[in-house]
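K.L.:
Hey, dropping query_5.txt in here, compact mmCIF, C-alpha atoms:
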```
# COMPACT_ATOMS: atom_id res chain seq x y z
CA ALA A 1 -14.92 4.78 6.04
CA GLN A 2 -12.17 7.31 5.59
CA THR A 3 -11.56 8.46 2.03
CA VAL A 4 -8.37 9.61 0.37
CA THR A 5 -8.53 11.75 -2.76
CA GLN A 6 -5.71 12.47 -5.18
CA SER A 7 -7.06 14.89 -7.75
CA GLN A 8 -4.10 14.83 -10.14
CA PRO A 9 -3.97 11.59 -12.16
CA GLU A 10 -0.81 12.66 -14.00
CA MET A 11 1.88 15.27 -13.56
CA SER A 12 5.20 16.03 -15.14
CA VAL A 13 8.17 18.07 -14.03
CA GLN A 14 11.57 18.86 -15.44
CA GLU A 15 14.66 17.54 -13.81
CA ALA A 16 15.92 19.74 -10.94
CA GLU A 17 12.57 21.50 -10.62
CA THR A 18 10.11 21.27 -7.72
CA VAL A 19 6.73 19.58 -7.93
CA THR A 20 3.85 19.28 -5.47
CA LEU A 21 1.40 16.40 -5.43
CA SER A 22 -1.91 17.00 -3.71
CA CYS A 23 -3.92 14.77 -1.40
CA THR A 24 -7.03 15.37 0.66
CA TYR A 25 -8.71 13.02 3.08
CA ASP A 26 -11.79 12.74 5.18
CA THR A 27 -11.85 11.34 8.70
CA SER A 28 -13.48 11.72 12.07
CA GLU A 29 -10.47 10.25 13.87
CA SER A 30 -8.51 12.50 16.20
CA ASN A 31 -5.15 10.81 15.95
CA TYR A 32 -3.99 9.27 12.71
CA TYR A 33 -1.06 8.80 10.39
CA LEU A 34 -0.70 9.77 6.77
CA PHE A 35 1.76 8.32 4.32
CA TRP A 36 3.14 8.81 0.85
CA TYR A 37 4.26 5.68 -0.97
CA LYS A 38 6.12 5.58 -4.26
CA GLN A 39 5.62 2.83 -6.84
CA PRO A 40 8.22 2.92 -9.63
CA PRO A 41 7.91 0.79 -12.78
CA SER A 42 9.38 -2.12 -10.81
CA ARG A 43 6.03 -2.15 -8.90
CA GLN A 44 7.73 -2.13 -5.51
CA MET A 45 5.79 -0.04 -2.98
CA ILE A 46 8.32 2.19 -1.24
CA LEU A 47 7.57 4.33 1.79
CA VAL A 48 8.54 7.94 1.08
CA ILE A 49 7.39 9.84 4.14
CA ARG A 50 4.87 9.73 6.97
CA GLN A 51 3.16 12.32 9.16
CA GLU A 52 1.45 11.99 12.52
CA ALA A 53 -1.62 14.16 12.85
CA TYR A 54 -0.65 15.40 16.31
CA LYS A 55 2.63 16.82 15.10
CA GLN A 56 2.37 20.35 13.82
CA GLN A 57 5.78 20.24 12.22
CA ASN A 58 5.76 19.03 8.65
CA ALA A 59 7.74 15.85 8.02
CA THR A 60 10.84 16.02 5.84
CA GLU A 61 12.98 13.28 4.30
CA ASN A 62 15.83 14.69 2.23
CA ARG A 63 14.27 16.12 -0.95
CA PHE A 64 10.76 15.08 0.09
CA SER A 65 8.60 17.15 2.40
CA VAL A 66 4.93 17.45 3.19
CA ASN A 67 2.57 20.34 3.72
CA PHE A 68 0.14 19.04 6.31
CA GLN A 69 -2.91 21.23 6.86
CA LYS A 70 -4.98 19.41 9.47
CA ALA A 71 -7.96 21.76 9.48
CA ALA A 72 -8.21 21.57 5.71
CA LYS A 73 -7.51 17.79 5.75
CA SER A 74 -4.81 18.28 3.19
CA PHE A 75 -1.53 16.39 2.91
CA SER A 76 0.54 17.40 -0.11
CA LEU A 77 3.96 16.04 -1.06
CA LYS A 78 6.68 18.35 -2.33
CA ILE A 79 9.61 16.92 -4.24
CA SER A 80 12.53 19.31 -4.56
CA ASP A 81 15.34 19.03 -7.10
CA SER A 82 13.45 16.35 -9.01
CA GLN A 83 15.49 13.48 -10.39
CA LEU A 84 14.78 11.07 -13.21
CA GLY A 85 14.55 8.29 -10.63
CA ASP A 86 11.58 10.03 -9.05
CA THR A 87 9.44 8.96 -12.01
CA ALA A 88 6.81 6.74 -10.42
CA MET A 89 3.25 6.44 -9.24
CA TYR A 90 2.76 8.20 -5.91
CA PHE A 91 0.07 7.08 -3.51
CA CYS A 92 -1.25 9.00 -0.56
CA ALA A 93 -2.48 6.70 2.20
CA PHE A 94 -4.35 6.99 5.48
CA MET A 95 -4.02 4.55 8.35
CA ASN A 96 -7.61 3.36 8.62
CA PRO A 97 -9.02 1.67 11.74
CA LEU A 98 -10.45 -1.77 11.05
CA SER A 99 -13.79 -2.89 12.46
CA ASN A 100 -12.36 -5.69 14.62
CA SER A 101 -9.05 -4.23 15.70
CA GLY A 102 -5.89 -2.87 14.23
CA TYR A 103 -5.29 -0.56 11.32
CA ALA A 104 -4.71 -0.94 7.60
CA LEU A 105 -3.80 1.47 4.84
CA ASN A 106 -6.49 3.15 2.78
CA PHE A 107 -4.94 4.39 -0.47
CA GLY A 108 -5.81 7.13 -2.91
CA LYS A 109 -5.96 6.37 -6.64
CA GLY A 110 -2.44 7.64 -7.18
CA THR A 111 -0.66 10.33 -9.19
CA SER A 112 1.63 9.33 -12.02
CA LEU A 113 4.69 11.58 -11.98
CA LEU A 114 7.02 11.84 -14.95
CA VAL A 115 10.37 13.58 -14.54
CA THR A 116 11.77 14.74 -17.87
CA PRO A 117 15.36 15.68 -18.72
CA ASP B 1 18.08 -7.14 6.77
CA ALA B 2 15.85 -8.77 4.15
CA GLY B 3 12.57 -7.10 3.34
CA VAL B 4 9.24 -8.76 2.69
CA ILE B 5 9.68 -11.58 0.18
CA GLN B 6 6.98 -12.65 -2.22
CA SER B 7 6.89 -15.49 -4.71
CA PRO B 8 6.32 -15.94 -7.51
CA ARG B 9 6.88 -12.49 -9.03
CA HIS B 10 4.76 -13.38 -12.02
CA GLU B 11 2.12 -16.04 -12.44
CA VAL B 12 0.16 -16.83 -15.57
CA THR B 13 -2.53 -19.45 -15.30
CA GLU B 14 -5.70 -20.57 -16.97
CA MET B 15 -9.18 -20.03 -15.67
CA GLY B 16 -10.20 -22.72 -13.21
CA GLN B 17 -6.71 -23.49 -11.98
CA GLU B 18 -5.58 -23.14 -8.39
CA VAL B 19 -3.11 -20.36 -7.64
CA THR B 20 -1.00 -20.01 -4.49
CA LEU B 21 0.86 -16.84 -3.67
CA ARG B 22 3.50 -16.81 -0.95
CA CYS B 23 4.85 -14.20 1.42
CA LYS B 24 7.64 -14.14 4.00
CA LEU B 25 7.45 -11.43 6.63
CA ILE B 26 10.28 -9.25 7.85
CA SER B 27 11.88 -10.94 10.85
CA GLY B 28 10.34 -9.69 14.09
CA HIS B 29 7.15 -8.42 12.51
CA ASN B 30 3.88 -9.89 13.76
CA SER B 31 1.29 -8.31 11.48
CA LEU B 32 0.68 -9.37 7.90
CA PHE B 33 -1.52 -7.71 5.29
CA TRP B 34 -2.55 -8.90 1.84
CA TYR B 35 -3.51 -6.15 -0.63
CA ARG B 36 -4.69 -6.34 -4.23
CA GLN B 37 -4.04 -3.68 -6.87
CA THR B 38 -6.19 -3.32 -9.98
CA MET B 39 -6.72 -0.47 -12.40
CA MET B 40 -10.39 -0.25 -11.53
CA ARG B 41 -10.25 -0.45 -7.74
CA GLY B 42 -6.71 0.66 -6.92
CA LEU B 43 -5.09 -0.81 -3.83
CA GLU B 44 -7.45 -2.56 -1.46
CA LEU B 45 -6.97 -4.64 1.67
CA LEU B 46 -7.94 -8.30 1.38
CA ILE B 47 -7.05 -9.70 4.80
CA TYR B 48 -5.01 -8.89 7.88
CA PHE B 49 -3.32 -11.24 10.35
CA ASN B 50 -1.94 -10.44 13.77
CA ASN B 51 0.19 -13.04 15.57
CA ASN B 52 -0.81 -15.65 12.96
CA VAL B 53 -4.53 -15.10 13.57
CA PRO B 54 -6.81 -13.65 10.86
CA ILE B 55 -8.31 -10.50 12.35
CA ASP B 56 -10.12 -8.88 9.44
CA ASP B 57 -11.01 -10.71 6.21
CA SER B 58 -13.82 -8.42 5.14
CA GLY B 59 -11.93 -7.54 1.97
CA MET B 60 -11.66 -11.12 0.71
CA PRO B 61 -13.76 -11.13 -2.48
CA GLU B 62 -15.47 -14.49 -2.10
CA ASP B 63 -15.04 -18.07 -0.99
CA ARG B 64 -12.64 -18.77 -3.83
CA PHE B 65 -10.05 -16.80 -1.88
CA SER B 66 -8.41 -18.15 1.26
CA ALA B 67 -5.36 -17.10 3.25
CA LYS B 68 -3.35 -18.85 5.90
CA MET B 69 -0.47 -18.10 8.19
CA PRO B 70 0.96 -21.47 9.23
CA ASN B 71 3.76 -19.87 11.23
CA ALA B 72 4.93 -16.49 12.40
CA SER B 73 6.97 -15.70 9.33
CA PHE B 74 5.04 -17.11 6.36
CA SER B 75 1.67 -16.67 4.70
CA THR B 76 -0.13 -17.98 1.63
CA LEU B 77 -3.01 -16.59 -0.39
CA LYS B 78 -4.84 -19.19 -2.45
CA ILE B 79 -7.38 -18.70 -5.22
CA GLN B 80 -9.35 -21.78 -6.22
CA PRO B 81 -10.71 -21.79 -8.86
CA SER B 82 -9.13 -18.74 -10.45
CA GLU B 83 -11.07 -16.46 -12.81
CA PRO B 84 -9.89 -13.78 -15.31
CA ARG B 85 -11.23 -11.03 -13.03
CA ASP B 86 -8.70 -12.12 -10.40
CA SER B 87 -5.92 -10.76 -12.60
CA ALA B 88 -4.13 -8.13 -10.52
CA VAL B 89 -0.97 -7.41 -8.59
CA TYR B 90 -1.07 -8.93 -5.13
CA PHE B 91 1.05 -7.37 -2.40
CA CYS B 92 1.77 -8.50 1.08
CA ALA B 93 3.03 -6.11 3.71
CA SER B 94 4.26 -6.63 7.23
CA SER B 95 4.61 -4.44 10.27
CA PHE B 96 5.84 -4.72 13.83
CA GLY B 97 2.29 -4.25 15.09
CA ALA B 98 -1.07 -3.15 13.77
CA GLY B 99 -1.42 0.11 15.59
CA VAL B 100 -1.83 3.47 13.99
CA THR B 101 1.87 4.15 14.43
CA ASP B 102 3.12 0.93 12.82
CA THR B 103 4.51 1.46 9.35
CA GLN B 104 3.80 -1.26 6.82
CA TYR B 105 6.58 -2.49 4.56
CA PHE B 106 5.60 -3.99 1.24
CA GLY B 107 6.94 -6.89 -0.75
CA PRO B 108 7.61 -6.57 -4.49
CA GLY B 109 4.20 -7.98 -5.41
CA THR B 110 3.01 -10.89 -7.52
CA ARG B 111 1.54 -10.07 -10.91
CA LEU B 112 -1.21 -12.62 -11.56
CA THR B 113 -2.69 -13.11 -14.99
CA VAL B 114 -5.61 -15.50 -15.37
CA LEU B 115 -6.38 -16.34 -18.99
```
Please go through the file and, once you have read it, give me the structure as structure tokens.
P.N.:
Amino acid sequence: AQTVTQSQPEMSVQEAETVTLSCTYDTSESNYYLFWYKQPPSRQMILVIRQEAYKQQNATENRFSVNFQKAAKSFSLKISDSQLGDTAMYFCAFMNPLSNSGYALNFGKGTSLLVTP
Amino acid sequence: DAGVIQSPRHEVTEMGQEVTLRCKLISGHNSLFWYRQTMMRGLELLIYFNNNVPIDDSGMPEDRFSAKMPNASFSTLKIQPSEPRDSAVYFCASSFGAGVTDTQYFGPGTRLTVL
């Protein structure tokens, strides 16, 4: 099974600064999708950004961008101009093929990000 | 458009009781996933339905857990009898399909506490 590793259990950043959350994965698949989900204290799982492995261009969504290094199997999330509302748990996820058919998300353990004033 | 709806948001019950968690899919979606989140194991897939049919239930812990999808827009996850180790946050997610390109959208979760 594919594995997703987030090596930073906790991080903090000051408001307006930039922070990068790391994620590595292991797979033998040729085409796949990677995701970052955000889970604020409300517990809601919110999709932040996604990246298709075939696309060389890094995905960007407003202040959120990724650095996708396919050869290194690395998928980091950069948050620019951090805001207090960015405080949350961030999960890196891989779209994992299921044995019968279809795909489901395989999540990393998460990184807890605290944005301070 | 309404997102995935889950009820209840919180459930506290005593060991041995039956618990039923409910989920309403986003309109037009045909794939439904139940995930469980615990401190020890993180987020893990329990079961996946496509077009109301259970496709993969390899993540269901044991026979005490059962899930149904009686129609295209609604699913239940039942635990009978419940045990303290079932305490967790249970999420359902839906997607338009179950391909590698189909993004899953999550409900707000149900926090279950079994005393």
K.L.:
So which residues touch B:Pro84 within 8 Å, counting only C-alpha atoms, skipping near sequence neighbours fewer than 4 positions away, as an mmCIF file with C-alpha atoms, in the frame of the given file?
P.N.:
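The new file out36.cif reads:
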```cif
data_model
loop_
_atom_site.group_PDB
_atom_site.id
_atom_site.type_symbol
_atom_site.label_atom_id
_atom_site.label_comp_id
_atom_site.auth_asym_id
_atom_site.auth_seq_id
_atom_site.Cartn_x
_atom_site.Cartn_y
_atom_site.Cartn_z
ATOM 1 C CA MET B 15 -9.180 -20.030 -15.670
ATOM 2 C CA THR B 113 -2.690 -13.110 -14.990
ATOM 3 C CA VAL B 114 -5.610 -15.500 -15.370
ATOM 4 C CA LEU B 115 -6.380 -16.340 -18.990
#
```
K.L.:
Which neighbours of A:Pro9 fall inside 8 Å, counting all atoms listed in the file, when residues of the same chain fewer than 2 positions from it are skipped, and could you give them as a ChimeraX atom specification?
P.N.:
/A:6-7,11,109-112
K.L.:
Emit the selected residues as an mmCIF file, in the frame of the given file, including C-alpha atoms.
P.N.:
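The resulting file, out-v3.cif, is reproduced below:
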```
data_model
loop_
_atom_site.group_PDB
_atom_site.id
_atom_site.type_symbol
_atom_site.label_atom_id
_atom_site.label_comp_id
_atom_site.auth_asym_id
_atom_site.auth_seq_id
_atom_site.Cartn_x
_atom_site.Cartn_y
_atom_site.Cartn_z
ATOM 1 C CA GLN A 6 -5.710 12.470 -5.180
ATOM 2 C CA SER A 7 -7.060 14.890 -7.750
ATOM 3 C CA MET A 11 1.880 15.270 -13.560
ATOM 4 C CA LYS A 109 -5.960 6.370 -6.640
ATOM 5 C CA GLY A 110 -2.440 7.640 -7.180
ATOM 6 C CA THR A 111 -0.660 10.330 -9.190
ATOM 7 C CA SER A 112 1.630 9.330 -12.020
#
```
K.L.:
For chain B against chain A, which residues fall within 12 Å using all atoms listed in the file, given as a ChimeraX atom specification?
P.N.:
/B:3-6,9-10,31-51,53-59,88-111
K.L.:
Excluding B:Arg22 and residues on its chain fewer than 5 positions from it, collect all residues at most 7 Å away from it, counting only C-alpha atoms, and give them as a list in words.
P.N.:
Gln6, Ser7, Ser75, Thr76 and Leu77 of chain B
K.L.:
Work out how far apart atom CA of A:Ser82 and atom CA of A:Thr18 are and give it in Å to one decimal.
P.N.:
6.1 Å
K.L.:
Hey, can you check how far atom CA of A:Ser74 sits from atom CA of A:Gln14?
P.N.:
24.8 Å
K.L.:
For a test of reading the model, state the distance in Å between atom CA of B:Glu11 and atom CA of B:Leu112, rounded to one decimal.
P.N.:
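Pair atom CA of B:Glu11 / atom CA of B:Leu112 returns 4.9 Å.
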K.L.:
Taking into account only C-alpha atoms, which residue in the set B:Pro8, B:Lys78, B:Gly16, B:Ser73 is nearest to B:Met60?
P.N.:
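Checking each candidate against B:Met60, we get B:Lys78 as the closest.
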K.L.:
Using all atoms listed in the file, can you list as a ChimeraX atom specification the residues within 9 Å of (9.1, 5.1, -10.8)?
P.N.:
/A:38-43,84-90,112-114
K.L.:
From the set A:Lys73, A:Val48, A:Ala59, A:Ile79, which residue has the shortest atom-to-atom contact distance to A:Ser30, counting all atoms listed in the file?
P.N.:
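Checking each of A:Lys73, A:Val48, A:Ala59, A:Ile79 against A:Ser30, counting all atoms listed in the file, the winner is A:Lys73.
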K.L.:
Just write stretch 43-99 of chain A with C-alpha atoms, as a CSV table (one decimal), in the first residue's frame, taken from the block above.
P.N.:
```csv
chain,number,residue,atom,x,y,z
A,43,ARG,CA,-13.1,19.4,12.7
A,44,GLN,CA,-14.4,20.0,9.2
A,45,MET,CA,-12.1,18.5,6.5
A,46,ILE,CA,-11.6,21.2,3.9
A,47,LEU,CA,-9.9,20.6,0.6
A,48,VAL,CA,-7.0,23.1,0.2
A,49,ILE,CA,-5.3,22.1,-3.0
A,50,ARG,CA,-4.7,19.1,-5.3
A,51,GLN,CA,-2.0,18.1,-7.8
A,52,GLU,CA,-2.1,15.6,-10.6
A,53,ALA,CA,1.1,13.7,-11.0
A,54,TYR,CA,1.2,14.2,-14.8
A,55,LYS,CA,1.2,18.0,-14.5
A,56,GLN,CA,4.6,19.5,-14.2
A,57,GLN,CA,3.2,22.8,-13.2
A,58,ASN,CA,2.8,23.2,-9.4
A,59,ALA,CA,-0.8,23.9,-8.3
A,60,THR,CA,-1.7,27.2,-6.8
A,61,GLU,CA,-4.8,28.4,-5.0
A,62,ASN,CA,-4.6,32.0,-3.8
A,63,ARG,CA,-2.1,32.0,-0.9
A,64,PHE,CA,-1.6,28.2,-1.1
A,65,SER,CA,0.8,26.6,-3.5
A,66,VAL,CA,2.6,23.3,-3.7
A,67,ASN,CA,6.1,22.2,-4.6
A,68,PHE,CA,5.7,18.9,-6.3
A,69,GLN,CA,8.9,17.0,-6.9
A,70,LYS,CA,7.8,13.8,-8.6
A,71,ALA,CA,11.2,12.1,-8.7
A,72,ALA,CA,11.8,12.8,-5.1
A,73,LYS,CA,8.1,11.8,-4.2
A,74,SER,CA,7.8,15.1,-2.3
A,75,PHE,CA,4.7,17.2,-2.1
A,76,SER,CA,5.1,20.2,0.2
A,77,LEU,CA,2.5,22.9,0.9
A,78,LYS,CA,3.5,26.6,1.1
A,79,ILE,CA,1.2,29.1,2.8
A,80,SER,CA,2.1,32.7,2.0
A,81,ASP,CA,1.0,35.7,4.0
A,82,SER,CA,-0.2,33.4,6.9
A,83,GLN,CA,-3.5,34.4,8.6
A,84,LEU,CA,-4.8,33.5,12.0
A,85,GLY,CA,-7.6,31.6,10.3
A,86,ASP,CA,-4.9,29.2,8.8
A,87,THR,CA,-4.4,27.7,12.2
A,88,ALA,CA,-5.4,24.1,11.7
A,89,MET,CA,-4.3,20.5,11.2
A,90,TYR,CA,-3.1,20.0,7.7
A,91,PHE,CA,-3.2,16.5,6.1
A,92,CYS,CA,-1.4,15.4,3.0
A,93,ALA,CA,-3.3,12.7,1.2
A,94,PHE,CA,-2.7,10.3,-1.7
A,95,MET,CA,-5.5,8.9,-3.9
A,96,ASN,CA,-5.0,5.2,-3.3
A,97,PRO,CA,-6.3,2.5,-5.6
A,98,LEU,CA,-8.6,0.0,-3.8
A,99,SER,CA,-8.3,-3.8,-4.3
```
